[in-house]
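Engineer: Just passing along the structure, written as structure tokens.
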Amino acid sequence: MFRVNLTDLDREGSKEIRGELSPEDPLWNDLEEERPSRALRVDLTLTTTSSGQVIARGSMQTELERSCRRCLEPVTVEIDEELSLVWSIPDELGEEDDGEIRLLEPTSNELELGEALREEFLLAVPRFALCSETCAGLCPRCGVNRNETTCDCTLEERDPRWDALRELQTE
Ligand SMILES: [Zn+2]
Ligand SMILES: [Zn+2]
């Protein structure tokens, strides 16, 4: 499904690629936490340029499960990314290699999109997740989830600014 015949693409001028990559797809095999929890939906339009580049524009959507950075509860993160991918044959690349351009296999008549989709997915995964902007997190002293329950720890915390004052009073 994500394999494109470049001869056909050249002849037809453009090609729509719509499909899903299952979370069980071997493409995700070496990923542990950072893998989609539901099918990755892909919607791309591929075109070619006169210099032999292949351009794919569209979007991908999926979800993944992460832990909230503050309270460690599971959070479902939505991924909805615009995609703009470019492949070029190595000779055409010249000086413009800014890392955004992927190389076409010069000897292959096919373009496999899977690896690029995997990379774009990983780039789209947020570094950390929050269950809510107002998540109160875990108590650093007793470890309770402060979104669910309260503890007395904060009441016992001493404000160091009062320590100097207390010392003065006991002298
Ligand atoms: Zn949280
Ligand atoms: Zn506490």
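Each chain of the structure tokens is named A, B, ... in the order shown, its residues numbered from 1; ligands are numbered from 1 in display order.
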What residues have any atom no more than 12 Å from ligand 2 when counting only C-alpha atoms and all ligand atoms, and can you list them as an mmCIF file with C-alpha atoms, in the first residue's frame?

Structural biologist:
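Okay, selection.cif is ready:
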data_model
loop_
_atom_site.group_PDB
_atom_site.id
_atom_site.type_symbol
_atom_site.label_atom_id
_atom_site.label_comp_id
_atom_site.auth_asym_id
_atom_site.auth_seq_id
_atom_site.Cartn_x
_atom_site.Cartn_y
_atom_site.Cartn_z
ATOM 1 C CA ALA A 136 -1.021 19.026 40.075
ATOM 2 C CA GLY A 137 1.393 16.111 39.807
ATOM 3 C CA LEU A 138 2.623 13.811 42.509
ATOM 4 C CA CYS A 139 3.506 15.030 45.963
ATOM 5 C CA PRO A 140 7.325 15.092 46.029
ATOM 6 C CA ARG A 141 7.307 13.922 49.653
ATOM 7 C CA CYS A 142 4.643 11.205 49.994
ATOM 8 C CA GLY A 143 3.989 10.454 46.305
ATOM 9 C CA VAL A 144 0.181 10.747 46.291
ATOM 10 C CA ASN A 145 -1.445 11.909 43.091
ATOM 11 C CA ARG A 146 -2.483 15.432 44.015
ATOM 12 C CA ASN A 147 -5.142 15.479 41.311
ATOM 13 C CA GLU A 148 -7.013 12.774 43.203
ATOM 14 C CA THR A 149 -6.251 13.378 46.802
ATOM 15 C CA THR A 150 -4.642 15.875 49.112
ATOM 16 C CA CYS A 151 -1.953 15.272 51.645
ATOM 17 C CA ASP A 152 -0.634 17.245 54.578
ATOM 18 C CA CYS A 153 2.929 17.482 53.290
ATOM 19 C CA THR A 154 2.641 21.018 51.964
ATOM 20 C CA LEU A 155 1.314 22.207 55.311
ATOM 21 C CA GLU A 156 4.407 20.929 57.056
ATOM 22 C CA GLU A 157 6.804 22.514 54.623
#

Engineer: For chain A against ligand 1, with a cut-off of 10 Å and counting only C-alpha atoms and all ligand atoms, what is the closest atom pair and its distance in Å to one decimal for every residue that makes the cut, ordered by chain and number, as a tab-separated table?

Structural biologist:
residue	atom	partner	partner_atom_place_in_ligand_line	distance
A:Ser67	CA	ligand 1	1 (Zn)	8.0
A:Cys68	CA	ligand 1	1 (Zn)	4.7
A:Arg69	CA	ligand 1	1 (Zn)	6.5
A:Arg70	CA	ligand 1	1 (Zn)	5.0
A:Cys71	CA	ligand 1	1 (Zn)	4.0
A:Leu72	CA	ligand 1	1 (Zn)	6.1
A:Glu73	CA	ligand 1	1 (Zn)	5.9
A:Pro74	CA	ligand 1	1 (Zn)	8.2
A:Val75	CA	ligand 1	1 (Zn)	8.1
A:Ala129	CA	ligand 1	1 (Zn)	8.3
A:Leu130	CA	ligand 1	1 (Zn)	5.4
A:Cys131	CA	ligand 1	1 (Zn)	4.3
A:Ser132	CA	ligand 1	1 (Zn)	6.0
A:Glu133	CA	ligand 1	1 (Zn)	8.2
A:Thr134	CA	ligand 1	1 (Zn)	8.0
A:Cys135	CA	ligand 1	1 (Zn)	4.6
A:Ala136	CA	ligand 1	1 (Zn)	6.7
A:Gly137	CA	ligand 1	1 (Zn)	5.5
A:Leu138	CA	ligand 1	1 (Zn)	8.2
A:Asn145	CA	ligand 1	1 (Zn)	8.3
A:Arg146	CA	ligand 1	1 (Zn)	9.0
A:Asn147	CA	ligand 1	1 (Zn)	7.5

Engineer: Counting only C-alpha atoms, which residue out of A:Glu105, A:Glu16, A:Glu100, A:Glu82 sits closest to Thr45 in chain A?

Structural biologist: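 Among the listed residues, A:Glu16 lies closest to Thr45 in chain A.
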
Engineer: Tell me which protein, DNA and RNA residues are within 12 Å of Leu123 in chain A, counting only C-alpha atoms, leaving out same-chain ones fewer than 4 positions away, and put them as a PyMOL selection string.

Structural biologist: chain A and resi 34-35+79-83+116-119+127

Engineer: With N, CA and C atoms retained, export the selected residues as an mmCIF file, in the first residue's frame.

Structural biologist:
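Generated output (selection_6.cif):
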data_model
loop_
_atom_site.group_PDB
_atom_site.id
_atom_site.type_symbol
_atom_site.label_atom_id
_atom_site.label_comp_id
_atom_site.auth_asym_id
_atom_site.auth_seq_id
_atom_site.Cartn_x
_atom_site.Cartn_y
_atom_site.Cartn_z
ATOM 1 N N GLU A 34 7.210 4.650 22.168
ATOM 2 C CA GLU A 34 6.815 5.576 21.104
ATOM 3 C C GLU A 34 6.307 4.818 19.904
ATOM 4 N N ARG A 35 5.152 4.192 20.049
ATOM 5 C CA ARG A 35 4.541 3.581 18.879
ATOM 6 C C ARG A 35 3.057 3.875 18.903
ATOM 7 N N ILE A 79 -1.880 12.679 17.446
ATOM 8 C CA ILE A 79 -0.904 13.136 16.459
ATOM 9 C C ILE A 79 -1.680 13.486 15.191
ATOM 10 N N ASP A 80 -1.527 14.697 14.739
ATOM 11 C CA ASP A 80 -2.186 15.112 13.501
ATOM 12 C C ASP A 80 -1.206 16.043 12.802
ATOM 13 N N GLU A 81 -0.492 15.499 11.838
ATOM 14 C CA GLU A 81 0.623 16.220 11.237
ATOM 15 C C GLU A 81 0.402 16.459 9.753
ATOM 16 N N GLU A 82 0.721 17.668 9.333
ATOM 17 C CA GLU A 82 0.829 17.941 7.911
ATOM 18 C C GLU A 82 2.142 17.331 7.431
ATOM 19 N N LEU A 83 2.120 16.739 6.266
ATOM 20 C CA LEU A 83 3.346 16.140 5.732
ATOM 21 C C LEU A 83 3.726 16.823 4.437
ATOM 22 N N ALA A 116 9.896 6.693 5.803
ATOM 23 C CA ALA A 116 9.687 8.138 5.945
ATOM 24 C C ALA A 116 8.506 8.413 6.888
ATOM 25 N N LEU A 117 7.464 7.610 6.783
ATOM 26 C CA LEU A 117 6.303 7.810 7.654
ATOM 27 C C LEU A 117 6.671 7.549 9.105
ATOM 28 N N ARG A 118 7.510 6.530 9.292
ATOM 29 C CA ARG A 118 7.967 6.219 10.644
ATOM 30 C C ARG A 118 8.774 7.393 11.222
ATOM 31 N N GLU A 119 9.674 7.951 10.403
ATOM 32 C CA GLU A 119 10.474 9.087 10.863
ATOM 33 C C GLU A 119 9.591 10.291 11.190
ATOM 34 N N ARG A 127 7.801 15.474 23.216
ATOM 35 C CA ARG A 127 8.815 15.014 24.157
ATOM 36 C C ARG A 127 8.214 14.573 25.480
#

Engineer: Name all residues at most 8 Å from Arg3 in chain A (count only C-alpha atoms; drop same-chain ones fewer than 3 positions away) and give them as a list of chain:residue names.

Structural biologist: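 The residues that qualify are A:Glu110, A:Leu111, A:Glu112, A:Leu113, A:Gly114.
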